[in-house]
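As structure tokens, the structure follows; a few thoughts come after it.
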Amino acid sequence: MTKTYTYGSLILLLISILTLTSLTFWNNQDDQPNAGLTTPQGFKAVKLVEGLGKVRHLIVTPKGNIYARLAKPVNGQGTLLLEENNGKAIVKSGFGNYGGTGVQLYKGYLYVSSNSEIFRYKVDANQQVINPDAPETIVTGLVDKGTHETKSIMMDNAGNMYIPIGCPSNSCQIEDRKKGSLGQPGCPLLETSGGVWQFKPDKLNQTYADGIRYATGLRNVVAVDWNKQTKQLYVMQHGRDQLNNLFPNLYDSKDNAELPAECMYALKKGDNAGWPFIYYDPAQQKKILAPEYGGDGKKEGNPEYIDPVAAYPAHMAPNDILFYTGHQFPERYKNGAFIAFHGSWNRGPEPQAGYFVVFQPFKNGKPFGKWEVFADGFSGSQEKTASGRADHRPCGLAQSADGSLYVSDDSKGAIYKITYSKEAESKPITSASTASTKTTESEKSAREIPAAMRESYTAGKAVYNQNCVVCHQADGGGVQNLNAPLTKTDYVLGSKSRLINIILSGMKGIDINGEKYSNVMPSHSFLSDKQIADVLTYVRNSFDNNASAVSTSEVTAVRKGK
């Protein structure tokens, strides 16, 4: 019998095919043992989903569904609702055409943040948003200057909401990230950023005037949790960058890789953690006066600033903290803290570090003993960790009603679920191979540098390693959302005069191929004309680039014309 298809039935068939294709995308799985992760004995990891977008923080509802926030909306949806079944998570719906980080369920509402506002949506008895097109605005007008702009959300037991507000600066210099620039007296940026603000979760249209600056002196906080045992707010601070680049007479590259510590603070109202005036040196176990404010790496800072309750290696970017209150994991984990380290970018030329979830034991409400790596292997290999080119980067943490731990990844949009079984303790967990993925010299397609530019190229490489590698990385790939890549972009291969001007004048907040890079590139006018010519010749002929050299006379002409 011949089948006859109407126009309508063909449309339905097409929709069905597209739906199946979409579900295949949302549930992009791999077959790596233990989802590619290394976990302690008795724990098992599965990758529930991949390809969602840049997943920031997430929560698991009492009914077992997942709300995930995206840094950027995908198909007009910045918040996704996922349903989990048989080791997979499927997107059921999405809403809110704005990106952001924070998400919380609280007293019948779903709270979400953009980078400048806090919204809430009424939910039903199943924690499903009732009207996704009608959010209520809770707070508006928070600082968002494209740097340290994310807003996390946390509630306490007394009806208060806490919003960390990062400072749009590295160390409050008069000229941000410029070599030798001193700090702004008193750091006026602290009036509206660089701390944690307290608001009311049930009051609409609040502004700074309605909030309380609960704690200050915190450069950039993404990780925040309320400790129900001690009834206290805990945060993890992203420490400052580039000590060696900014003050090479005081710090070397190893100092830059190891200073300052990423710190955990237990906050009380009115606390001051001391940024930008001090940083915490984990080797000396002291608060050290920042060089922007007269420090030399040895002078101690004001003792009135609070001490961290725990310290971790530099630059690993703690993006979430979660106090474990479940019953599934062994007893030693109860009331301890899991921390998601997003991974470093500015330890170069030393190897990068992080890209894992650690566990910090607690006893009597305080950190007790050494922290330990709990889940590793997100990067894909040791070489990918060292180079900073991680496949996955832990960002958010969540605990389900049954005590499982969920980890989000804002690189490839994955969500992992980690569970524990006593029966599995006797069975070794096989993780993904960490075998080297390094490409050998014979496999590289490096172009022979013409003799005419070889001397300039070699000199430029030295300038690059001294002044540029920390931000743009050894492979020229830059840093996600922060520092622009140098590989085959129009900025590098296009107009020479424009490129020279960028070195002389600096640049901030550029878009390249749809990706925004927010960190300041300060003026490098302190370099000589020859140094600028050399480093640009090196950049234009490295990282798969192939372009003409830049001459000293070309740099001189642009500098004189400014």
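Chain labels follow the order of the structure tokens: the first chain is A, the next B, and so on; residue numbering restarts at 1 in every chain, and ligands are counted from 1 in their shown order.
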Determine, counting only C-alpha atoms, which protein, DNA and RNA residues have an atom within 8 Å of an atom of Arg69 of chain A; residues of the same chain fewer than 6 positions away are not included. Present the result as a list in words.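 Those residues are Val55, Arg56, His57, Leu58, Gly78, Thr79, Leu80, Gly99, Gly100, Thr101, Gly102, Val103 and Val112 of chain A.
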Test item, alpha helix (DSSP H) assignment across segment 352-533 of chain A, answer as a ChimeraX atom specification: /A:382-387,451-467,469-472,490-493,496-505,529-533
Which of A:Ser553, A:Asn319, A:Asn541, A:Ser387 sits closest to Ile339 of chain A [using only C-alpha atoms]: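 Counting only C-alpha atoms, the residue closest to Ile339 of chain A is A:Asn319.
The interatomic distance for the pair atom CA of Lys145 of chain A and atom CA of Gly166 of chain A works out to 9.9 Å.
Distances to Asp271 of chain A were evaluated for A:Val196, A:Pro318, A:Lys286, A:Gly211 using only C-alpha atoms, and the minimum falls at A:Val196.
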Spatial neighbours of segment 404-413 of chain A, 9 Å, only C-alpha atoms, chain gap at least 4 places, as a ChimeraX atom specification: /A:49-60,68,70-71,324,326,328-329,340,342,357,378,390-400,417-420,480
Preceding selection exported with N, CA and C atoms as an mmCIF file, in the first residue's frame:
```
data_model
loop_
_atom_site.group_PDB
_atom_site.id
_atom_site.type_symbol
_atom_site.label_atom_id
_atom_site.label_comp_id
_atom_site.auth_asym_id
_atom_site.auth_seq_id
_atom_site.Cartn_x
_atom_site.Cartn_y
_atom_site.Cartn_z
ATOM 1 N N VAL A 49 24.823 14.844 31.385
ATOM 2 C CA VAL A 49 24.497 15.595 30.172
ATOM 3 C C VAL A 49 25.712 16.430 29.799
ATOM 4 N N GLU A 50 25.812 16.795 28.540
ATOM 5 C CA GLU A 50 26.868 17.675 28.058
ATOM 6 C C GLU A 50 26.312 18.525 26.928
ATOM 7 N N GLY A 51 26.925 19.674 26.704
ATOM 8 C CA GLY A 51 26.521 20.532 25.599
ATOM 9 C C GLY A 51 25.425 21.513 25.922
ATOM 10 N N LEU A 52 25.210 21.796 27.212
ATOM 11 C CA LEU A 52 24.117 22.697 27.605
ATOM 12 C C LEU A 52 24.437 24.161 27.349
ATOM 13 N N GLY A 53 25.703 24.503 27.303
ATOM 14 C CA GLY A 53 26.134 25.896 27.322
ATOM 15 C C GLY A 53 27.054 26.078 28.516
ATOM 16 N N LYS A 54 27.342 27.304 28.856
ATOM 17 C CA LYS A 54 28.260 27.584 29.968
ATOM 18 C C LYS A 54 27.491 27.493 31.288
ATOM 19 N N VAL A 55 27.431 26.274 31.855
ATOM 20 C CA VAL A 55 26.643 26.053 33.071
ATOM 21 C C VAL A 55 27.398 26.593 34.278
ATOM 22 N N ARG A 56 26.788 27.525 34.974
ATOM 23 C CA ARG A 56 27.414 28.113 36.162
ATOM 24 C C ARG A 56 26.907 27.392 37.420
ATOM 25 N N HIS A 57 26.139 28.053 38.272
ATOM 26 C CA HIS A 57 25.637 27.370 39.456
ATOM 27 C C HIS A 57 24.373 26.574 39.130
ATOM 28 N N LEU A 58 24.076 25.619 39.993
ATOM 29 C CA LEU A 58 22.915 24.763 39.783
ATOM 30 C C LEU A 58 22.367 24.346 41.142
ATOM 31 N N ILE A 59 21.100 23.929 41.157
ATOM 32 C CA ILE A 59 20.486 23.362 42.358
ATOM 33 C C ILE A 59 19.690 22.131 41.954
ATOM 34 N N VAL A 60 19.486 21.238 42.912
ATOM 35 C CA VAL A 60 18.629 20.073 42.719
ATOM 36 C C VAL A 60 17.427 20.246 43.638
ATOM 37 N N ALA A 68 19.596 24.819 36.232
ATOM 38 C CA ALA A 68 20.966 25.207 35.888
ATOM 39 C C ALA A 68 20.976 26.596 35.270
ATOM 40 N N LEU A 70 22.931 29.486 33.051
ATOM 41 C CA LEU A 70 23.908 29.596 31.977
ATOM 42 C C LEU A 70 24.520 30.987 31.981
ATOM 43 N N ALA A 71 25.827 31.054 31.771
ATOM 44 C CA ALA A 71 26.496 32.353 31.711
ATOM 45 C C ALA A 71 25.949 33.187 30.557
ATOM 46 N N TYR A 324 28.386 19.828 53.087
ATOM 47 C CA TYR A 324 27.663 18.576 52.875
ATOM 48 C C TYR A 324 26.837 18.231 54.111
ATOM 49 N N GLY A 326 24.226 15.773 53.759
ATOM 50 C CA GLY A 326 23.510 14.547 53.433
ATOM 51 C C GLY A 326 23.941 13.365 54.283
ATOM 52 N N GLN A 328 24.222 10.141 52.599
ATOM 53 C CA GLN A 328 24.688 9.088 51.696
ATOM 54 C C GLN A 328 26.187 8.845 51.834
ATOM 55 N N PHE A 329 26.988 9.903 51.912
ATOM 56 C CA PHE A 329 28.439 9.768 51.973
ATOM 57 C C PHE A 329 28.863 9.310 53.375
ATOM 58 N N ALA A 340 34.623 23.719 44.460
ATOM 59 C CA ALA A 340 34.866 23.539 43.026
ATOM 60 C C ALA A 340 35.894 24.558 42.566
ATOM 61 N N HIS A 342 37.791 26.113 39.584
ATOM 62 C CA HIS A 342 37.614 26.302 38.153
ATOM 63 C C HIS A 342 38.919 26.129 37.374
ATOM 64 N N VAL A 357 37.556 19.186 42.153
ATOM 65 C CA VAL A 357 36.730 19.436 43.338
ATOM 66 C C VAL A 357 37.495 18.887 44.535
ATOM 67 N N PHE A 378 38.810 16.329 35.401
ATOM 68 C CA PHE A 378 37.948 17.156 34.550
ATOM 69 C C PHE A 378 38.714 17.707 33.353
ATOM 70 N N ALA A 390 41.907 22.925 29.693
ATOM 71 C CA ALA A 390 41.095 21.855 30.263
ATOM 72 C C ALA A 390 39.869 21.577 29.400
ATOM 73 N N ASP A 391 39.512 20.292 29.290
ATOM 74 C CA ASP A 391 38.287 19.922 28.584
ATOM 75 C C ASP A 391 37.059 20.408 29.346
ATOM 76 N N HIS A 392 37.070 20.211 30.670
ATOM 77 C CA HIS A 392 35.949 20.599 31.526
ATOM 78 C C HIS A 392 36.478 21.394 32.718
ATOM 79 N N ARG A 393 35.664 22.346 33.207
ATOM 80 C CA ARG A 393 36.093 23.199 34.317
ATOM 81 C C ARG A 393 34.980 23.237 35.362
ATOM 82 N N PRO A 394 35.215 22.652 36.541
ATOM 83 C CA PRO A 394 34.178 22.659 37.579
ATOM 84 C C PRO A 394 33.771 24.073 37.951
ATOM 85 N N CYS A 395 32.476 24.281 38.111
ATOM 86 C CA CYS A 395 31.990 25.627 38.421
ATOM 87 C C CYS A 395 30.993 25.622 39.576
ATOM 88 N N GLY A 396 29.923 24.825 39.478
ATOM 89 C CA GLY A 396 28.877 24.828 40.500
ATOM 90 C C GLY A 396 28.769 23.493 41.206
ATOM 91 N N LEU A 397 28.239 23.534 42.436
ATOM 92 C CA LEU A 397 28.021 22.335 43.239
ATOM 93 C C LEU A 397 26.600 22.328 43.766
ATOM 94 N N ALA A 398 26.006 21.142 43.855
ATOM 95 C CA ALA A 398 24.658 21.015 44.416
ATOM 96 C C ALA A 398 24.529 19.660 45.084
ATOM 97 N N GLN A 399 23.657 19.602 46.079
ATOM 98 C CA GLN A 399 23.381 18.347 46.791
ATOM 99 C C GLN A 399 21.913 18.007 46.630
ATOM 100 N N SER A 400 21.634 16.753 46.308
ATOM 101 C CA SER A 400 20.238 16.334 46.159
ATOM 102 C C SER A 400 19.701 15.826 47.486
ATOM 103 N N LYS A 417 27.241 13.716 38.220
ATOM 104 C CA LYS A 417 26.611 13.277 39.472
ATOM 105 C C LYS A 417 27.545 12.268 40.134
ATOM 106 N N ILE A 418 27.852 12.517 41.420
ATOM 107 C CA ILE A 418 28.748 11.642 42.167
ATOM 108 C C ILE A 418 27.967 10.999 43.311
ATOM 109 N N THR A 419 27.993 9.687 43.369
ATOM 110 C CA THR A 419 27.258 8.940 44.391
ATOM 111 C C THR A 419 28.222 8.020 45.139
ATOM 112 N N TYR A 420 27.747 7.506 46.277
ATOM 113 C CA TYR A 420 28.562 6.616 47.099
ATOM 114 C C TYR A 420 27.786 5.348 47.414
ATOM 115 N N GLN A 480 39.568 31.923 28.530
ATOM 116 C CA GLN A 480 38.123 31.998 28.339
ATOM 117 C C GLN A 480 37.521 33.185 29.074
#
```
Nearest to Cys468 of chain A by atom-to-atom distance, counting only C-alpha atoms, from A:Ile66, A:Met316, A:Leu246, A:Ala266: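 Smallest distance to Cys468 of chain A is found for A:Leu246.
Residues with any atom within 8 Å of Asn481 of chain A, counting only C-alpha atoms and excluding same-chain neighbours fewer than 2 positions away, are Val479, Asn483, Ala484, Glu515, Lys516, Tyr517 and Ser518 of chain A.
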Apply DSSP to the backbone of this structure and, from segment 172-419 of chain A, keep only the residues in strand (DSSP E or B); write these as a PyMOL selection string. chain A and resi 173+183+195-199+206+212-216+221-227+232-237+262-267+271-272+278-281+286-289+300+310-312+318-323+337-341+356-360+362-363+366-367+372-376+394-399+405-409+415-419
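Note that atom CA of Ala125 of chain A and atom CA of Gln77 of chain A are 23.0 Å apart.
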Two-atom distance - atom CA of Gly476 of chain A, atom CA of Arg389 of chain A (Å):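 So the answer is 11.3 Å.
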For Lys107 of chain A, work out the shell of residues within 12 Å, counting only C-alpha atoms and skipping chain neighbours fewer than 3 positions away, then give it as a ChimeraX atom specification. /A:104,110-111,120-125,127,155-157,159-160,201-202
Between A:Lys508, A:Lys92, A:Lys151, A:Lys228, which has the minimum distance to Gly194 of chain A (counting only C-alpha atoms)? A:Lys151
Which residues are near Thr230 of chain A? Cut-off 12 Å, only C-alpha atoms, ignore same chain within fewer than 4 positions. Put them as a compact mmCIF listing (two decimals) with N, CA and C atoms, in the first residue's frame.
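The new file part.txt reads:
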```txt
# COMPACT_ATOMS: atom_id res chain seq x y z
N ASP A 156 20.13 32.87 54.41
CA ASP A 156 20.41 32.34 55.74
C ASP A 156 19.13 31.79 56.37
N ASN A 157 19.17 31.51 57.67
CA ASN A 157 18.01 30.94 58.35
C ASN A 157 17.07 32.00 58.91
N ASP A 225 28.34 29.92 50.72
CA ASP A 225 27.37 28.99 51.29
C ASP A 225 27.10 29.38 52.74
N TRP A 226 25.91 29.02 53.20
CA TRP A 226 25.53 29.27 54.59
C TRP A 226 25.75 27.99 55.38
N TYR A 234 29.98 31.58 54.76
CA TYR A 234 31.34 31.26 54.32
C TYR A 234 31.49 31.62 52.86
N ALA A 266 35.13 32.92 57.03
CA ALA A 266 33.88 32.82 57.76
C ALA A 266 33.50 34.23 58.19
N LEU A 267 32.39 34.73 57.68
CA LEU A 267 32.08 36.15 57.82
C LEU A 267 31.05 36.43 58.91
N LYS A 268 31.26 37.58 59.55
CA LYS A 268 30.28 38.18 60.43
C LYS A 268 30.02 39.59 59.91
N PHE A 323 28.55 23.00 51.85
CA PHE A 323 28.66 22.22 53.08
C PHE A 323 27.77 21.00 52.96
N ASN A 335 29.06 17.75 57.24
CA ASN A 335 29.34 19.13 57.64
C ASN A 335 30.69 19.66 57.14
N GLY A 336 31.42 18.85 56.35
CA GLY A 336 32.62 19.35 55.70
C GLY A 336 32.26 20.12 54.44
N PHE A 362 35.89 19.41 58.28
CA PHE A 362 35.56 20.35 59.35
C PHE A 362 35.39 19.57 60.65
N LYS A 363 35.69 20.24 61.76
CA LYS A 363 35.44 19.67 63.08
C LYS A 363 35.02 20.81 64.00
N ASN A 364 33.89 20.60 64.68
CA ASN A 364 33.35 21.63 65.58
C ASN A 364 33.16 22.97 64.86
N GLY A 365 32.73 22.87 63.61
CA GLY A 365 32.42 24.09 62.86
C GLY A 365 33.61 24.82 62.28
N LYS A 366 34.81 24.21 62.31
CA LYS A 366 36.00 24.87 61.78
C LYS A 366 36.77 23.90 60.88
N PRO A 367 37.49 24.44 59.86
CA PRO A 367 38.33 23.56 59.04
C PRO A 367 39.29 22.78 59.92
```
Env of Ser497 of chain A: 8 Å cut, atoms = only C-alpha atoms, seq-sep filter 6 positions within chain, self excluded. Answer as an MDAnalysis selection string. chainID A and resid 554:555 558
